[in-house]
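Have a look at target.cif; it's mmCIF, C-alpha atoms:
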```cif
data_upload
#
loop_
_atom_site.group_PDB
_atom_site.id
_atom_site.type_symbol
_atom_site.label_atom_id
_atom_site.label_comp_id
_atom_site.auth_asym_id
_atom_site.auth_seq_id
_atom_site.Cartn_x
_atom_site.Cartn_y
_atom_site.Cartn_z
ATOM 1 C CA MET A 1 0.000 0.000 0.000
ATOM 2 C CA ILE A 2 0.981 3.675 -0.157
ATOM 3 C CA LEU A 3 3.281 4.357 2.748
ATOM 4 C CA GLU A 4 2.876 7.517 4.792
ATOM 5 C CA GLU A 5 5.952 8.425 6.782
ATOM 6 C CA SER A 6 6.770 11.797 8.353
ATOM 7 C CA GLY A 7 3.933 13.418 6.439
ATOM 8 C CA GLU A 8 5.140 12.209 3.024
ATOM 9 C CA LEU A 9 3.479 9.720 0.686
ATOM 10 C CA SER A 10 5.283 7.218 -1.521
ATOM 11 C CA VAL A 11 3.886 4.846 -4.110
ATOM 12 C CA SER A 12 5.416 1.476 -4.929
ATOM 13 C CA THR A 13 5.763 0.048 -8.428
ATOM 14 C CA GLN A 14 3.024 -2.541 -7.860
ATOM 15 C CA GLU A 15 0.642 0.135 -6.651
ATOM 16 C CA LEU A 16 1.381 2.255 -9.698
ATOM 17 C CA GLN A 17 0.576 -0.676 -11.953
ATOM 18 C CA ALA A 18 -2.687 -1.276 -10.121
ATOM 19 C CA LEU A 19 -3.637 2.405 -10.336
ATOM 20 C CA ALA A 20 -2.664 2.630 -14.013
ATOM 21 C CA SER A 21 -5.364 0.115 -14.914
ATOM 22 C CA LEU A 22 -8.095 2.256 -13.316
ATOM 23 C CA ASP A 23 -9.937 4.840 -15.368
ATOM 24 C CA SER A 24 -13.451 5.923 -16.240
ATOM 25 C CA ARG A 25 -14.146 2.696 -18.167
ATOM 26 C CA GLN A 26 -14.357 0.798 -14.854
ATOM 27 C CA TYR A 27 -17.177 3.083 -13.702
ATOM 28 C CA GLY A 28 -20.273 1.004 -12.936
ATOM 29 C CA PHE A 29 -18.326 -2.253 -12.999
ATOM 30 C CA LEU A 30 -15.958 -1.520 -10.117
ATOM 31 C CA LYS A 31 -17.922 -0.647 -7.004
ATOM 32 C CA LEU A 32 -15.392 0.753 -4.548
ATOM 33 C CA SER A 33 -18.090 0.946 -1.889
ATOM 34 C CA ALA A 34 -18.501 -2.842 -1.942
ATOM 35 C CA PRO A 35 -16.906 -4.741 0.973
ATOM 36 C CA GLU A 36 -14.692 -6.821 -1.304
ATOM 37 C CA ASN A 37 -13.161 -3.644 -2.794
ATOM 38 C CA LEU A 38 -12.281 -1.826 0.414
ATOM 39 C CA LYS A 39 -8.540 -2.277 -0.190
ATOM 40 C CA LYS A 40 -8.823 -0.827 -3.665
ATOM 41 C CA LYS A 41 -10.847 2.068 -2.310
ATOM 42 C CA ALA A 42 -8.174 2.802 0.304
ATOM 43 C CA LEU A 43 -5.532 2.683 -2.412
ATOM 44 C CA VAL A 44 -7.498 5.089 -4.627
ATOM 45 C CA LEU A 45 -8.104 7.480 -1.726
ATOM 46 C CA LYS A 46 -4.415 7.617 -0.893
ATOM 47 C CA ALA A 47 -3.541 8.027 -4.549
ATOM 48 C CA VAL A 48 -5.893 11.014 -4.691
ATOM 49 C CA LYS A 49 -4.216 12.453 -1.618
ATOM 50 C CA TYR A 50 -0.800 11.896 -3.181
ATOM 51 C CA LEU A 51 -1.717 13.593 -6.467
ATOM 52 C CA GLU A 52 -3.393 16.545 -4.771
ATOM 53 C CA ARG A 53 -0.390 17.082 -2.515
ATOM 54 C CA MET A 54 1.933 16.931 -5.516
ATOM 55 C CA LEU A 55 -0.139 19.543 -7.343
ATOM 56 C CA ILE A 56 -0.188 21.842 -4.304
ATOM 57 C CA GLN A 57 3.581 21.574 -3.888
ATOM 58 C CA ALA A 58 4.165 22.378 -7.557
ATOM 59 C CA TYR A 59 1.852 25.385 -7.335
ATOM 60 C CA ASN A 60 3.549 26.677 -4.174
ATOM 61 C CA GLN A 61 7.012 26.321 -5.718
ATOM 62 C CA LYS A 62 5.926 28.230 -8.804
ATOM 63 C CA LYS A 63 4.306 30.927 -6.681
ATOM 64 C CA LYS A 64 7.453 31.242 -4.561
ATOM 65 C CA ALA A 65 9.590 31.604 -7.685
ATOM 66 C CA HIS A 66 7.293 34.356 -8.997
ATOM 67 C CA ASN A 67 7.481 36.193 -5.655
ATOM 68 C CA GLU A 68 11.281 36.050 -5.663
ATOM 69 C CA GLU A 69 11.367 37.414 -9.210
ATOM 70 C CA ASP A 70 9.013 40.250 -8.250
ATOM 71 C CA LYS A 71 11.153 41.159 -5.232
ATOM 72 C CA ALA A 72 14.306 41.174 -7.364
ATOM 73 C CA LYS A 73 12.635 43.441 -9.934
ATOM 74 C CA GLU A 74 11.400 45.815 -7.230
ATOM 75 C CA LYS A 75 14.868 45.984 -5.693
ATOM 76 C CA GLU A 76 16.458 46.673 -9.069
ATOM 77 C CA ALA A 77 13.862 49.350 -9.862
ATOM 78 C CA GLY A 78 14.489 51.004 -6.482
ATOM 79 C CA SER A 79 18.235 51.174 -7.075
ATOM 80 C CA VAL A 80 17.692 52.656 -10.545
ATOM 81 C CA VAL A 81 15.366 55.342 -9.146
ATOM 82 C CA ALA A 82 17.830 56.218 -6.377
ATOM 83 C CA GLU A 83 20.661 56.516 -8.894
ATOM 84 C CA GLY A 84 18.521 58.695 -11.155
ATOM 85 C CA VAL A 85 17.685 61.052 -8.282
ATOM 86 C CA LYS A 86 21.377 61.366 -7.406
ATOM 87 C CA ILE A 87 22.307 62.159 -11.008
ATOM 88 C CA LYS A 88 19.530 64.758 -11.215
ATOM 89 C CA GLN A 89 20.722 66.486 -8.059
ATOM 90 C CA GLU A 90 24.267 66.653 -9.422
ATOM 91 C CA ALA A 91 22.969 68.057 -12.706
ATOM 92 C CA ASP A 92 20.921 70.757 -10.942
ATOM 93 C CA ASN A 93 23.990 71.886 -8.925
ATOM 94 C CA PRO A 94 27.001 71.545 -11.274
ATOM 95 C CA LEU A 95 29.160 73.975 -9.251
ATOM 96 C CA CYS A 96 28.158 72.837 -5.776
ATOM 97 C CA ASP A 97 31.516 71.193 -5.145
ATOM 98 C CA VAL A 98 33.666 73.473 -7.318
ATOM 99 C CA GLY A 99 35.472 76.439 -5.743
ATOM 100 C CA VAL A 100 35.037 79.567 -7.925
ATOM 101 C CA THR A 101 37.454 82.477 -7.376
ATOM 102 C CA ILE A 102 37.459 85.890 -9.078
ATOM 103 C CA ASP A 103 40.703 87.596 -10.030
ATOM 104 C CA GLU A 104 40.295 91.208 -8.967
ATOM 105 C CA SER A 105 43.311 92.299 -11.074
ATOM 106 C CA LEU A 106 41.353 91.812 -14.311
ATOM 107 C CA PRO A 107 40.293 94.962 -16.200
ATOM 108 C CA ALA A 108 36.916 96.456 -15.508
ATOM 109 C CA GLU A 109 35.810 95.794 -19.073
ATOM 110 C CA ILE A 110 36.229 92.041 -18.585
ATOM 111 C CA MET A 111 34.569 92.089 -15.158
ATOM 112 C CA SER A 112 31.600 94.034 -16.504
ATOM 113 C CA THR A 113 28.563 92.019 -17.621
ATOM 114 C CA GLU A 114 27.467 94.590 -20.181
ATOM 115 C CA GLY A 115 29.753 93.168 -22.855
ATOM 116 C CA SER A 116 28.538 89.659 -22.309
ATOM 117 C CA GLY A 117 25.679 90.177 -24.694
ATOM 118 C CA ASP A 118 27.553 88.265 -27.379
ATOM 119 C CA ALA A 119 27.354 85.151 -25.250
ATOM 120 C CA LYS A 120 23.596 85.334 -25.094
ATOM 121 C CA GLN A 121 21.772 84.389 -28.228
ATOM 122 C CA PRO A 122 19.160 86.979 -29.165
ATOM 123 C CA SER A 123 15.579 85.938 -29.515
ATOM 124 C CA THR A 124 14.817 85.841 -33.212
ATOM 125 C CA PRO A 125 12.037 84.239 -35.216
ATOM 126 C CA VAL A 126 14.512 81.604 -36.394
ATOM 127 C CA ASN A 127 15.360 80.682 -32.813
ATOM 128 C CA GLU A 128 11.676 80.610 -31.893
ATOM 129 C CA ILE A 129 11.009 78.237 -34.771
ATOM 130 C CA LYS A 130 13.846 76.002 -33.610
ATOM 131 C CA THR A 131 12.455 76.022 -30.083
ATOM 132 C CA GLU A 132 9.011 75.113 -31.313
ATOM 133 C CA ASP A 133 10.457 72.331 -33.451
ATOM 134 C CA GLY A 134 12.350 71.026 -30.468
ATOM 135 C CA GLY A 135 9.169 71.002 -28.439
ATOM 136 C CA ASP A 136 7.364 69.097 -31.147
ATOM 137 C CA ALA A 137 10.219 66.648 -31.419
ATOM 138 C CA GLY A 138 9.973 65.960 -27.730
ATOM 139 C CA GLY A 139 6.345 64.960 -28.021
ATOM 140 C CA PRO A 140 6.804 61.725 -29.991
ATOM 141 C CA LYS A 141 9.611 60.721 -27.651
ATOM 142 C CA GLU A 142 7.214 60.779 -24.724
ATOM 143 C CA ASP A 143 4.696 58.763 -26.749
ATOM 144 C CA GLY A 144 7.422 56.273 -27.597
ATOM 145 C CA SER A 145 8.355 55.916 -23.952
ATOM 146 C CA GLU A 146 4.729 55.242 -23.139
ATOM 147 C CA ARG A 147 4.607 52.541 -25.802
ATOM 148 C CA GLU A 148 7.762 51.018 -24.426
ATOM 149 C CA GLU A 149 6.199 50.868 -20.969
ATOM 150 C CA GLU A 150 3.094 49.155 -22.336
ATOM 151 C CA GLY A 151 5.136 46.179 -23.584
ATOM 152 C CA PRO A 152 6.146 44.671 -20.199
ATOM 153 C CA ALA A 153 2.668 45.250 -18.798
ATOM 154 C CA THR A 154 1.110 43.362 -21.678
ATOM 155 C CA GLU A 155 3.600 40.526 -21.304
ATOM 156 C CA LEU A 156 2.896 40.416 -17.583
ATOM 157 C CA ASP A 157 -0.833 40.194 -18.278
ATOM 158 C CA LYS A 158 -0.175 37.235 -20.577
ATOM 159 C CA GLN A 159 1.857 35.466 -17.918
ATOM 160 C CA THR A 160 -0.727 35.977 -15.199
ATOM 161 C CA GLY A 161 -3.509 35.023 -17.602
ATOM 162 C CA ASP A 162 -1.951 31.647 -18.341
ATOM 163 C CA GLY A 163 -2.482 30.547 -14.759
ATOM 164 C CA ASP A 164 -1.586 26.903 -14.253
ATOM 165 C CA ARG A 165 0.084 26.652 -17.662
ATOM 166 C CA ASP A 166 3.309 27.876 -16.049
ATOM 167 C CA ILE A 167 3.312 24.987 -13.579
ATOM 168 C CA SER A 168 5.408 22.037 -14.757
ATOM 169 C CA ILE A 169 2.705 19.386 -14.227
ATOM 170 C CA ASP A 170 1.724 16.770 -16.788
ATOM 171 C CA PRO A 171 -1.915 17.481 -17.802
ATOM 172 C CA LYS A 172 -2.581 13.721 -17.599
ATOM 173 C CA THR A 173 -2.278 14.084 -13.830
ATOM 174 C CA TYR A 174 -5.550 16.011 -13.790
ATOM 175 C CA CYS A 175 -7.173 13.429 -16.041
ATOM 176 C CA LYS A 176 -6.098 10.573 -13.758
ATOM 177 C CA LEU A 177 -7.325 12.511 -10.747
ATOM 178 C CA GLY A 178 -10.682 12.924 -12.484
ATOM 179 C CA HIS A 179 -10.901 9.166 -13.069
ATOM 180 C CA PHE A 180 -10.237 8.442 -9.403
ATOM 181 C CA HIS A 181 -12.850 10.936 -8.234
ATOM 182 C CA LEU A 182 -15.339 9.456 -10.694
ATOM 183 C CA LEU A 183 -14.767 5.931 -9.370
ATOM 184 C CA LEU A 184 -15.205 7.323 -5.847
ATOM 185 C CA GLU A 185 -18.446 8.929 -7.094
ATOM 186 C CA ASP A 186 -17.215 12.390 -6.142
ATOM 187 C CA TYR A 187 -18.660 14.029 -9.248
ATOM 188 C CA GLU A 188 -17.921 17.635 -8.318
ATOM 189 C CA LYS A 189 -14.173 17.046 -7.927
ATOM 190 C CA ALA A 190 -14.167 14.780 -10.976
ATOM 191 C CA LEU A 191 -15.690 17.553 -13.075
ATOM 192 C CA SER A 192 -13.135 20.057 -11.768
ATOM 193 C CA ALA A 193 -10.198 17.777 -12.630
ATOM 194 C CA TYR A 194 -11.599 16.919 -16.055
ATOM 195 C CA GLN A 195 -12.135 20.599 -16.882
ATOM 196 C CA LYS A 196 -8.557 21.382 -15.862
ATOM 197 C CA TYR A 197 -7.295 18.663 -18.187
ATOM 198 C CA TYR A 198 -9.625 19.957 -20.916
ATOM 199 C CA ALA A 199 -8.084 23.434 -20.619
ATOM 200 C CA LEU A 200 -4.437 22.309 -20.518
ATOM 201 C CA LYS A 201 -4.463 19.525 -23.115
ATOM 202 C CA ALA A 202 -4.884 20.760 -26.672
ATOM 203 C CA ASP A 203 -5.630 17.326 -28.169
ATOM 204 C CA HIS A 204 -7.906 16.174 -25.330
ATOM 205 C CA TRP A 205 -10.351 14.867 -27.910
ATOM 206 C CA ARG A 206 -7.926 11.995 -28.621
ATOM 207 C CA ASP A 207 -8.269 10.691 -25.038
ATOM 208 C CA VAL A 208 -11.254 8.321 -25.131
ATOM 209 C CA PRO A 209 -11.344 7.516 -21.348
ATOM 210 C CA PHE A 210 -11.353 11.264 -20.656
ATOM 211 C CA LEU A 211 -14.274 11.874 -23.009
ATOM 212 C CA TYR A 212 -16.175 8.940 -21.527
ATOM 213 C CA GLY A 213 -15.553 10.084 -17.956
ATOM 214 C CA LEU A 214 -16.511 13.678 -18.735
ATOM 215 C CA GLY A 215 -19.676 12.418 -20.428
ATOM 216 C CA LEU A 216 -20.585 10.390 -17.345
ATOM 217 C CA VAL A 217 -20.168 13.452 -15.133
ATOM 218 C CA TYR A 218 -22.321 15.528 -17.501
ATOM 219 C CA PHE A 219 -24.926 12.768 -17.469
ATOM 220 C CA HIS A 220 -24.910 12.768 -13.658
ATOM 221 C CA TYR A 221 -25.670 16.507 -13.624
ATOM 222 C CA ASN A 222 -28.235 16.134 -16.450
ATOM 223 C CA ALA A 223 -26.062 18.351 -18.648
ATOM 224 C CA PHE A 224 -26.690 16.636 -21.966
ATOM 225 C CA ARG A 225 -25.586 19.536 -24.162
ATOM 226 C CA TRP A 226 -21.911 19.242 -25.162
#
```
Would you encode the structure as structure tokens?
Amino acid sequence: MILEESGELSVSTQELQALASLDSRQYGFLKLSAPENLKKKALVLKAVKYLERMLIQAYNQKKKAHNEEDKAKEKEAGSVVAEGVKIKQEADNPLCDVGVTIDESLPAEIMSTEGSGDAKQPSTPVNEIKTEDGGDAGGPKEDGSEREEEGPATELDKQTGDGDRDISIDPKTYCKLGHFHLLLEDYEKALSAYQKYYALKADHWRDVPFLYGLGLVYFHYNAFRW
């Protein structure tokens, strides 16, 4: 039988062979509630427990990995923002750490600011046009940055929308779990497992035991429309 030691379940090779032969096609022929099938029922119950625990562990590991990635991204974003603020402060105060001294022996003409008009560019229509062009050129850059920011968000939406597709679990696990629940006459859990397999397996229509088991569950709930 399935051994349970220190909270962990293990399945032997013989038990796997016995469980492999069970699917929806035994429904109605194999009565697990009968006294002569109590051992098989116990084996199926523990197999269900084993599969459910395996699925929960896989989901928790994937969730933990996602959380670690999110924390790393947040930490990296925080360091980038802090560095940007520091650079901006240095740009706003370029002479904060530079000692500026004035030589008083220079002529008055050089010290005077009246002759510094050549350094300033007069405001002309040509300059105004250039300024306006520069402002217009800045507009598309902002739009481009917005489009660049939309990319990661869209990709993140795709990743979160996939749900269980990111978990490295064979879809047949859900199908087998549905068979076991069906044989135990737990139709609600059987339907849930079958629907999960239906969503994850693209060629589910090739699996005849799955289609038969799903049909039996639909028949139980009087849902005759496909």
Nearest residue to Lys176 of chain A out of A:Gln14, A:Ala199, A:Ala42, A:Glu52, using only C-alpha atoms?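 The closest residue to Lys176 of chain A is A:Glu52.
Once the PyMOL selection byres ((chain A and resi 218) around 12) is applied to this file, the selection holds Leu182, Tyr187, Glu188, Ala190, Leu191, Ser192, Tyr194, Gln195, Leu211, Tyr212, Gly213, Leu214, Gly215, Leu216, Val217, Phe219, His220, Tyr221, Asn222, Ala223, Phe224, Arg225 and Trp226 of chain A.
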How would the residues just picked look written out with C-alpha atoms as an mmCIF file, in the frame of the given file?
```cif
data_model
loop_
_atom_site.group_PDB
_atom_site.id
_atom_site.type_symbol
_atom_site.label_atom_id
_atom_site.label_comp_id
_atom_site.auth_asym_id
_atom_site.auth_seq_id
_atom_site.Cartn_x
_atom_site.Cartn_y
_atom_site.Cartn_z
ATOM 1 C CA LEU A 182 -15.339 9.456 -10.694
ATOM 2 C CA TYR A 187 -18.660 14.029 -9.248
ATOM 3 C CA GLU A 188 -17.921 17.635 -8.318
ATOM 4 C CA ALA A 190 -14.167 14.780 -10.976
ATOM 5 C CA LEU A 191 -15.690 17.553 -13.075
ATOM 6 C CA SER A 192 -13.135 20.057 -11.768
ATOM 7 C CA TYR A 194 -11.599 16.919 -16.055
ATOM 8 C CA GLN A 195 -12.135 20.599 -16.882
ATOM 9 C CA LEU A 211 -14.274 11.874 -23.009
ATOM 10 C CA TYR A 212 -16.175 8.940 -21.527
ATOM 11 C CA GLY A 213 -15.553 10.084 -17.956
ATOM 12 C CA LEU A 214 -16.511 13.678 -18.735
ATOM 13 C CA GLY A 215 -19.676 12.418 -20.428
ATOM 14 C CA LEU A 216 -20.585 10.390 -17.345
ATOM 15 C CA VAL A 217 -20.168 13.452 -15.133
ATOM 16 C CA PHE A 219 -24.926 12.768 -17.469
ATOM 17 C CA HIS A 220 -24.910 12.768 -13.658
ATOM 18 C CA TYR A 221 -25.670 16.507 -13.624
ATOM 19 C CA ASN A 222 -28.235 16.134 -16.450
ATOM 20 C CA ALA A 223 -26.062 18.351 -18.648
ATOM 21 C CA PHE A 224 -26.690 16.636 -21.966
ATOM 22 C CA ARG A 225 -25.586 19.536 -24.162
ATOM 23 C CA TRP A 226 -21.911 19.242 -25.162
#
```
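Distances to Ser168 of chain A were evaluated for A:Glu68, A:Pro209, A:Gly84, A:Ala58 using only C-alpha atoms, and the minimum falls at A:Ala58.
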Taking the file as shown, what set of residues would the PyMOL selection byres ((chain A and resi 196) around 12) give back, as a list in words?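 Taken over the shown coordinates, the PyMOL selection byres ((chain A and resi 196) around 12) returns Gly163, Asp164, Arg165, Ile169, Asp170, Pro171, Lys172, Thr173, Tyr174, Cys175, Lys176, Leu177, Gly178, Lys189, Ala190, Leu191, Ser192, Ala193, Tyr194, Gln195, Tyr197, Tyr198, Ala199, Leu200, Lys201, Ala202, His204, Phe210 and Leu214 of chain A.
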Atom pair atom CA of Phe180 of chain A / atom CA of Asp23 of chain A: separation (Å):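 Atom CA of Asp23 of chain A lies at a distance of 7.0 Å from atom CA of Phe180 of chain A.
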Calculate how many Å separate atom CA of Val44 of chain A from atom CA of His181 of chain A, rounding to one decimal.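 Computed distance, atom CA of Val44 of chain A to atom CA of His181 of chain A, equals 8.7 Å.
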Quick one: everything within 10 Å of Lys31 of chain A, counting only C-alpha atoms, minus sequence neighbours fewer than 2 positions away in the same chain. Send it as a PDB file with C-alpha atoms, in the coordinates of the input.
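Output file part_12.pdb follows:
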```
ATOM      1  CA  GLN A  26     -14.357   0.798 -14.854  1.00  0.00           C
ATOM      2  CA  TYR A  27     -17.177   3.083 -13.702  1.00  0.00           C
ATOM      3  CA  GLY A  28     -20.273   1.004 -12.936  1.00  0.00           C
ATOM      4  CA  PHE A  29     -18.326  -2.253 -12.999  1.00  0.00           C
ATOM      5  CA  SER A  33     -18.090   0.946  -1.889  1.00  0.00           C
ATOM      6  CA  ALA A  34     -18.501  -2.842  -1.942  1.00  0.00           C
ATOM      7  CA  PRO A  35     -16.906  -4.741   0.973  1.00  0.00           C
ATOM      8  CA  GLU A  36     -14.692  -6.821  -1.304  1.00  0.00           C
ATOM      9  CA  ASN A  37     -13.161  -3.644  -2.794  1.00  0.00           C
ATOM     10  CA  LEU A  38     -12.281  -1.826   0.414  1.00  0.00           C
ATOM     11  CA  LYS A  40      -8.823  -0.827  -3.665  1.00  0.00           C
ATOM     12  CA  LYS A  41     -10.847   2.068  -2.310  1.00  0.00           C
ATOM     13  CA  LEU A 183     -14.767   5.931  -9.370  1.00  0.00           C
ATOM     14  CA  LEU A 184     -15.205   7.323  -5.847  1.00  0.00           C
ATOM     15  CA  GLU A 185     -18.446   8.929  -7.094  1.00  0.00           C
TER      16      GLU A 185
END
```
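A straight line drawn from atom CA of Leu51 of chain A to atom CA of Asp203 of chain A is 22.4 Å long.
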